[in-house]
Amino acid sequence: MPLQLEVHTDQAVRPLAKTRGRKHFRIIKKYRVFYFMMLPALLFLLFNNYLPMAGVLIAFKNINYTDGYIHSPWSGFNNFRFLFDTRVAWELVRNTLIYNAVFIVLNLVMGVLLALMFHEMRSRRAAKLHQSAMFLPYLLSWVVIGYLVFAFLGMEHGLLNTYLFPKLGWDPVEWYSNWKYWPYILPVVNTWRNVGYFAVIYLASMLGIDPEYYEAAVIDGATKRQQILNITLPLIRPVIIVMTLLQIGRIFYADFGLFFQVTQNAGALYPATQVIDTYVYNTFLVMGDIGMSSAAGLFQALVGFILVLATNLVIRKISKEDALF
């Protein structure tokens, strides 16, 4: 009897599987145009994001050009040990985490404030002018920004040392020889460059809010501050959470251009400006160690992935509707 039951069950499942297969085929056939349009993006994602993941093996190998990528001997976790057994390991991790945490907070606060200001501007022409002016620095490369910063801070020809400080009776400052100033300079430069990008995203989400909410609030006698706190911010909260999660996922990735180009990779500034990315780059130039560079990249990716999952879990506990997944 058990054998007959198994046979009958299998016979009953087959038509169901065929029905589901036909249904999926009809869906694909119905939306084949959209799948065809999506194909280039899927191919790009495959070749640019997934196929290179095979290079993760380099982090666990002692690569040499004689044996090649496949046949090079395994090194276990030696590449990771070399990265974090150095005397500057704690300094690298500290700088990377603290700077990125400060950047996340500043980009969030300043981005939302600027978006609110743009949203409240009555003149659309003036609003577009200010939005373009704030977004322009985001389009500049870090090389250009590095020269702009040097034009302000240079010892011999910098605007501050040659023009502003003499008028105030202050002595010139050797900005590129004293690391104590850079924990304040770098957040200012990063915010100046990126805040326009975040402001545009938050402004776009604000423009999508139904005006009837504000009209009803005005009828009820709500002030502008109450409208912002009870309508605007709650309705753009999902966008804020997504943008913050994306930044948290890269909290172990430092902006290489900011820490390398703007600081001109000055050795005297390393205690405050050297992060994981610049350390790996400088070490690779000196030693040519591909395995250690790959180990650092893998470590950054894993930590970022774990942080995104943990942050999303916390958000899910607080408000399930606002969680990313």
# chains A, B, ... in the order shown; residues from 1 in each chain; ligands from 1
$ select_by_dssp --residues "range 1-235 of chain A" --states "helix (DSSP H, G or I)" --output "count of residues only"
189
$ closest_atom_pairs --of "range 61-98 of chain A" --to "range 250-253 of chain A" --cutoff "9 Å" --atoms "only C-alpha atoms" --output "CSV"
residue,atom,partner,partner_atom,distance
A:Val93,CA,A:Phe252,CA,7.9
A:Thr96,CA,A:Phe252,CA,6.1
A:Leu97,CA,A:Ile251,CA,6.3
$ closest_residue --among "A:Tyr270, A:Gly291, A:Thr244, A:Ala323" --to "Phe60 in chain A" --atoms "only C-alpha atoms"
A:Gly291
$ closest_atom_pairs --of "range 196-304 of chain A" --to "range 112-126 of chain A" --cutoff "7 Å" --atoms "only C-alpha atoms" --output "Markdown table"
| residue | atom | partner | partner_atom | distance |
| --- | --- | --- | --- | --- |
| A:Ala199 | CA | A:Ala115 | CA | 4.8 |
| A:Val200 | CA | A:Ala115 | CA | 6.7 |
| A:Tyr202 | CA | A:Ala115 | CA | 5.9 |
| A:Leu203 | CA | A:Ala115 | CA | 4.8 |
$ residues_around --residues "Trp142 in chain A" --least-positions-apart "6" --cutoff "10 Å" --atoms "only C-alpha atoms" --output "list in words"
Leu148, Arg193, Asp255, Phe256, Gly257, Leu258, Phe259, Phe260, Gln261 and Val262 of chain A
$ write_last_selection --atoms "N, CA and C atoms" --output "compact mmCIF listing (two decimals), in the first residue's frame"
# COMPACT_ATOMS: atom_id res chain seq x y z
N LEU A 148 42.14 71.98 -6.01
CA LEU A 148 41.38 73.08 -5.42
C LEU A 148 41.72 73.24 -3.94
N ARG A 193 31.60 67.95 -1.47
CA ARG A 193 31.50 67.27 -2.77
C ARG A 193 30.22 66.45 -2.90
N ASP A 255 36.90 56.30 0.62
CA ASP A 255 36.94 56.95 -0.69
C ASP A 255 38.41 57.21 -1.03
N PHE A 256 38.94 56.41 -1.93
CA PHE A 256 40.37 56.45 -2.23
C PHE A 256 40.81 57.83 -2.70
N GLY A 257 40.02 58.45 -3.57
CA GLY A 257 40.40 59.76 -4.09
C GLY A 257 40.51 60.81 -3.01
N LEU A 258 39.60 60.77 -2.04
CA LEU A 258 39.61 61.73 -0.96
C LEU A 258 40.88 61.59 -0.12
N PHE A 259 41.23 60.37 0.26
CA PHE A 259 42.34 60.16 1.18
C PHE A 259 43.69 60.10 0.47
N PHE A 260 43.69 59.96 -0.83
CA PHE A 260 44.96 59.88 -1.56
C PHE A 260 45.26 61.18 -2.32
N GLN A 261 44.27 61.68 -3.08
CA GLN A 261 44.51 62.86 -3.90
C GLN A 261 44.46 64.15 -3.09
N VAL A 262 43.46 64.28 -2.23
CA VAL A 262 43.31 65.53 -1.48
C VAL A 262 44.46 65.72 -0.50
$ residues_around --residues "Ala151 in chain A" --least-positions-apart "3" --cutoff "12 Å" --atoms "only C-alpha atoms" --output "number ranges by chain"
A: 144-148, 154-163, 175, 262
$ closest_residue --among "A:Val286, A:Leu324, A:Val280, A:Ile248" --to "Ile98 in chain A" --atoms "only C-alpha atoms"
A:Ile248
$ closest_residue --among "A:Val88, A:Val109, A:Val195, A:Ala101" --to "Leu139 in chain A" --atoms "only C-alpha atoms"
A:Val195
$ residues_around --residues "range 61-65 of chain A" --least-positions-apart "6" --cutoff "7 Å" --atoms "only C-alpha atoms" --output "PyMOL selection string"
chain A and resi 72-76+290-291
$ write_last_selection --atoms "all heavy atoms" --output "CSV table (one decimal), in the first residue's frame"
chain,number,residue,atom,x,y,z
A,72,SER,N,49.1,28.5,-8.5
A,72,SER,CA,49.9,29.1,-7.4
A,72,SER,C,49.5,28.4,-6.1
A,72,SER,O,48.4,27.9,-5.9
A,72,SER,CB,49.6,30.5,-7.3
A,72,SER,OG,50.0,31.2,-8.4
A,73,PRO,N,50.5,28.2,-5.2
A,73,PRO,CA,50.3,27.5,-3.9
A,73,PRO,C,49.3,28.2,-3.0
A,73,PRO,O,49.3,29.5,-3.0
A,73,PRO,CB,51.7,27.4,-3.3
A,73,PRO,CG,52.4,28.5,-3.9
A,73,PRO,CD,51.9,28.7,-5.3
A,74,TRP,N,48.6,27.4,-2.2
A,74,TRP,CA,47.7,28.0,-1.3
A,74,TRP,C,48.4,28.6,-0.1
A,74,TRP,O,49.4,28.0,0.4
A,74,TRP,CB,46.7,27.0,-0.8
A,74,TRP,CG,45.7,26.5,-1.9
A,74,TRP,CD1,45.9,25.4,-2.7
A,74,TRP,CD2,44.5,27.1,-2.2
A,74,TRP,NE1,44.9,25.3,-3.6
A,74,TRP,CE2,44.0,26.3,-3.3
A,74,TRP,CE3,43.8,28.2,-1.8
A,74,TRP,CZ2,42.8,26.6,-3.9
A,74,TRP,CZ3,42.5,28.4,-2.4
A,74,TRP,CH2,42.1,27.7,-3.5
A,75,SER,N,47.9,29.7,0.5
A,75,SER,CA,48.6,30.3,1.6
A,75,SER,C,47.6,30.4,2.8
A,75,SER,O,48.0,30.9,3.9
A,75,SER,CB,49.0,31.7,1.3
A,75,SER,OG,47.9,32.6,0.9
A,76,GLY,N,46.4,29.8,2.7
A,76,GLY,CA,45.5,29.9,3.8
A,76,GLY,C,45.1,31.3,4.2
A,76,GLY,O,44.7,32.1,3.3
A,290,ILE,N,49.7,40.9,-4.6
A,290,ILE,CA,48.3,40.8,-5.1
A,290,ILE,C,47.4,40.1,-4.0
A,290,ILE,O,46.3,40.5,-3.8
A,290,ILE,CB,48.2,40.1,-6.4
A,290,ILE,CG1,49.1,40.8,-7.4
A,290,ILE,CG2,46.8,40.0,-6.9
A,290,ILE,CD1,49.2,40.0,-8.8
A,291,GLY,N,48.0,39.1,-3.4
A,291,GLY,CA,47.2,38.3,-2.4
A,291,GLY,C,46.7,39.2,-1.3
A,291,GLY,O,45.5,39.1,-0.9
$ atom_distance --atom1 "CA of Lys180 in chain A" --atom2 "CA of Leu269 in chain A"
8.2 Å
$ residues_around --residues "Thr232 in chain A" --least-positions-apart "2" --cutoff "10 Å" --atoms "only C-alpha atoms" --output "JSON, numbers by chain"
{"A": [116, 205, 206, 207, 209, 213, 214, 225, 226, 227, 228, 229, 230, 234, 235, 236, 237]}
$ write_last_selection --atoms "C-alpha atoms" --output "short mmCIF file (atom, residue, chain, number, x, y, z; two decimals), in the first residue's frame"
data_model
loop_
_atom_site.label_atom_id
_atom_site.label_comp_id
_atom_site.auth_asym_id
_atom_site.auth_seq_id
_atom_site.Cartn_x
_atom_site.Cartn_y
_atom_site.Cartn_z
CA LEU A 116 14.09 70.90 2.64
CA SER A 205 11.37 61.94 -2.86
CA MET A 206 9.87 65.13 -1.36
CA LEU A 207 8.49 66.21 -4.72
CA ILE A 209 4.61 63.65 -1.81
CA TYR A 213 -1.26 66.33 2.73
CA TYR A 214 0.13 69.83 3.10
CA ARG A 225 7.83 73.11 11.24
CA GLN A 226 4.98 70.75 12.09
CA GLN A 227 4.46 69.95 8.40
CA ILE A 228 8.14 69.03 8.03
CA LEU A 229 8.21 66.90 11.20
CA ASN A 230 4.86 65.14 10.69
CA PRO A 234 8.01 60.46 7.84
CA LEU A 235 7.15 60.09 4.14
CA ILE A 236 10.77 60.23 2.94
CA ARG A 237 11.95 57.92 5.74
#
$ atom_distance --atom1 "CA of Tyr35 in chain A" --atom2 "CA of Asp322 in chain A"
29.0 Å
